[in-house]
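With TSV, C-alpha atoms inside, this is work-v3.tsv:
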chain	number	residue	atom	x	y	z
A	1	MET	CA	8.33	145.16	-227.62
A	2	ILE	CA	7.33	145.39	-223.97
A	3	ASP	CA	8.06	148.71	-222.25
A	4	SER	CA	10.06	147.77	-219.14
A	5	SER	CA	9.27	151.09	-217.46
A	6	THR	CA	5.53	150.41	-217.63
A	7	VAL	CA	5.96	146.84	-216.37
A	8	ILE	CA	8.15	148.05	-213.50
A	9	ASP	CA	5.60	150.71	-212.53
A	10	ASP	CA	2.77	148.15	-212.69
A	11	PHE	CA	4.72	145.58	-210.67
A	12	THR	CA	5.84	148.02	-207.96
A	13	GLY	CA	2.41	149.57	-207.60
A	14	GLY	CA	3.61	153.12	-208.05
A	15	THR	CA	6.23	153.06	-205.31
A	16	PRO	CA	9.23	155.29	-205.98
A	17	ARG	CA	11.82	154.12	-208.48
A	18	ALA	CA	15.49	153.70	-207.48
A	19	SER	CA	16.32	157.07	-209.03
A	20	GLU	CA	13.63	158.75	-206.92
A	21	TRP	CA	14.88	157.10	-203.70
A	22	LYS	CA	18.39	158.31	-204.61
A	23	ALA	CA	17.17	161.89	-205.16
A	24	MET	CA	15.37	161.87	-201.81
A	25	ARG	CA	18.46	160.46	-200.08
A	26	GLN	CA	20.72	163.07	-201.66
A	27	ALA	CA	18.36	165.91	-200.71
A	28	LEU	CA	18.28	164.72	-197.11
A	29	ALA	CA	22.07	164.33	-197.05
A	30	ASP	CA	22.40	167.92	-198.32
A	31	ARG	CA	20.10	169.10	-195.55
A	32	GLN	CA	22.10	167.11	-193.01
A	33	ARG	CA	25.33	168.75	-194.22
A	34	GLY	CA	23.70	172.12	-193.66
A	35	LEU	CA	22.81	171.16	-190.10
A	36	ARG	CA	26.37	169.98	-189.48
A	37	LEU	CA	27.69	173.34	-190.69
A	38	GLN	CA	25.24	175.03	-188.35
A	39	LEU	CA	26.57	172.87	-185.51
A	40	GLU	CA	30.09	174.14	-186.12
A	41	THR	CA	29.08	177.72	-185.37
A	42	GLU	CA	26.38	177.14	-182.74
A	43	THR	CA	27.26	178.11	-179.18
A	44	ASP	CA	23.97	177.59	-177.35
A	45	PRO	CA	24.08	174.16	-175.64
A	46	ALA	CA	20.34	173.63	-176.08
A	47	GLN	CA	20.57	174.38	-179.80
A	48	ILE	CA	23.63	172.14	-180.14
A	49	ALA	CA	21.73	169.26	-178.53
A	50	ALA	CA	18.71	169.84	-180.77
A	51	LEU	CA	20.89	169.96	-183.89
A	52	GLU	CA	22.74	166.79	-182.87
A	53	ARG	CA	19.41	164.98	-182.44
A	54	GLN	CA	18.29	166.15	-185.88
A	55	VAL	CA	21.56	165.04	-187.47
A	56	ALA	CA	21.30	161.62	-185.82
A	57	ALA	CA	17.67	161.20	-186.90
A	58	MET	CA	18.57	162.17	-190.45
A	59	GLU	CA	21.38	159.63	-190.46
A	60	LYS	CA	18.85	156.86	-189.80
A	61	GLN	CA	16.52	158.25	-192.46
A	62	ILE	CA	19.37	158.41	-194.98
A	63	GLU	CA	20.25	154.78	-194.26
A	64	THR	CA	16.62	153.78	-194.75
A	65	LEU	CA	16.41	155.66	-198.05
A	66	GLN	CA	19.62	154.01	-199.21
A	67	THR	CA	18.18	150.58	-198.41
A	68	GLU	CA	15.00	151.41	-200.32
A	69	GLU	CA	17.11	152.59	-203.26
A	70	VAL	CA	19.09	149.34	-203.35
A	71	VAL	CA	15.95	147.21	-203.10
A	72	ALA	CA	14.20	149.21	-205.84
A	73	LYS	CA	17.26	148.95	-208.10
A	74	PHE	CA	17.37	145.18	-207.55
A	75	VAL	CA	13.67	144.82	-208.37
A	76	GLU	CA	13.99	147.01	-211.47
A	77	LYS	CA	17.01	145.09	-212.76
A	78	SER	CA	15.29	141.76	-212.06
A	79	ILE	CA	12.22	142.82	-214.01
A	80	GLU	CA	14.35	144.08	-216.89
A	81	ALA	CA	16.28	140.80	-216.96
A	82	ALA	CA	13.06	138.77	-216.89
A	83	LEU	CA	11.64	140.81	-219.75
A	84	ALA	CA	14.84	140.41	-221.75
A	85	ARG	CA	14.58	136.62	-221.57
A	86	ALA	CA	10.79	136.38	-221.73
A	87	PRO	CA	10.38	136.14	-225.53
A	88	GLY	CA	12.82	133.21	-225.78
A	89	ASP	CA	11.24	131.48	-222.82
A	90	LEU	CA	7.78	131.91	-224.29
A	91	LEU	CA	8.87	130.44	-227.60
A	92	ALA	CA	10.55	127.53	-225.83
A	93	GLY	CA	7.34	126.94	-223.88
A	94	GLU	CA	5.28	126.92	-227.06
A	95	GLU	CA	7.65	124.42	-228.67
A	96	ASP	CA	7.31	122.14	-225.64
A	97	GLU	CA	3.54	122.16	-226.05
A	98	ASP	CA	3.87	121.16	-229.71
A	99	ASP	CA	6.09	118.23	-228.79
A	100	GLU	CA	3.37	116.65	-226.66

What is this structure when it is put down as structure tokens?
Amino acid sequence: MIDSSTVIDDFTGGTPRASEWKAMRQALADRQRGLRLQLETETDPAQIAALERQVAAMEKQIETLQTEEVVAKFVEKSIEAALARAPGDLLAGEEDEDDE
């Protein structure tokens, strides 16, 4: 039986898996929540502006990580589906060659 995890890793060239993208996204979202809490108590206008810029930048990064997670999940599921049907397809292909 073919190990789908190995095939996925080979196909994606070692890029992060969907679960890794998700963990990175969640860690960044936790950090962003911390900055938002800091914003609630900050009184210095310069610090408020700096925190708001950081929160906005993190929002874009979180969206990017979410996109990467979705793409990686799609690729992983596609590879798993292809592997699940591969043995039947290979047998069908061999039968076609015998028919010639």

Exercise for the section: Find the residues near Lys77 in chain A: any atom within 12 Å, counting only C-alpha atoms, skip ones fewer than 4 places away on the same chain, and give them as an MDAnalysis selection string. Expected result: chainID A and resid 4:5 7:8 17:18 70:73 81:84

Handout entry: Straight-line distance linking CA of Leu51 in chain A with CA of Arg33 in chain A, stated in Å to one decimal
Key =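 So the answer is 11.3 Å.
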
Problem - Using all atoms listed in the file: which of A:Asp9, A:Glu76, A:Glu68, A:Asp44 has the shortest distance to Met24 in chain A - result: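 Nearest to Met24 in chain A: A:Glu68.
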
Handout entry: Selection: 9 Å around Leu28 in chain A, only C-alpha atoms, excl. self and same-chain fewer than 5 positions, as a PyMOL selection string
Key = chain A and resi 23+33+58-59+61-62

Problem - CA of Gln32 in chain A to CA of Ala56 in chain A, straight-line distance in Å - result: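 Answer for the CA of Ala56 in chain A to CA of Gln32 in chain A separation: 9.1 Å.
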
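Candidate residues A:Glu63, A:Glu80, A:Glu69, A:Asp3 were compared for distance to Ala29 in chain A, and the nearest is A:Glu63, using all atoms listed in the file.
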
Practice task
Record the distance separating CA of Gln66 in chain A and CA of Ala27 in chain A, expressed in Å with one decimal.
Solution key: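 Computing it gives 12.1 Å between the two atoms.
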
Practice task
For range 36-40 of chain A, please output as a list in words all residues within 10 Å (counting only C-alpha atoms; exclusion window: fewer than 4 positions along the same chain).
Solution key: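 Once the nearby chain positions are removed, what remains is Asp30, Arg31, Gln32, Asp44, Gln47, Ile48, Ala49, Ala50, Leu51, Glu52, Gln54 and Val55 of chain A.
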
Given the selection you just returned, output its residues as a file containing C-alpha atoms, formatted as a compact mmCIF listing (two decimals), keeping the file's coordinate frame.
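File written: result-v9.txt
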# COMPACT_ATOMS: atom_id res chain seq x y z
CA ASP A 30 22.40 167.92 -198.32
CA ARG A 31 20.10 169.10 -195.55
CA GLN A 32 22.10 167.11 -193.01
CA ASP A 44 23.97 177.59 -177.35
CA GLN A 47 20.57 174.38 -179.80
CA ILE A 48 23.63 172.14 -180.14
CA ALA A 49 21.73 169.26 -178.53
CA ALA A 50 18.71 169.84 -180.77
CA LEU A 51 20.89 169.96 -183.89
CA GLU A 52 22.74 166.79 -182.87
CA GLN A 54 18.29 166.15 -185.88
CA VAL A 55 21.56 165.04 -187.47
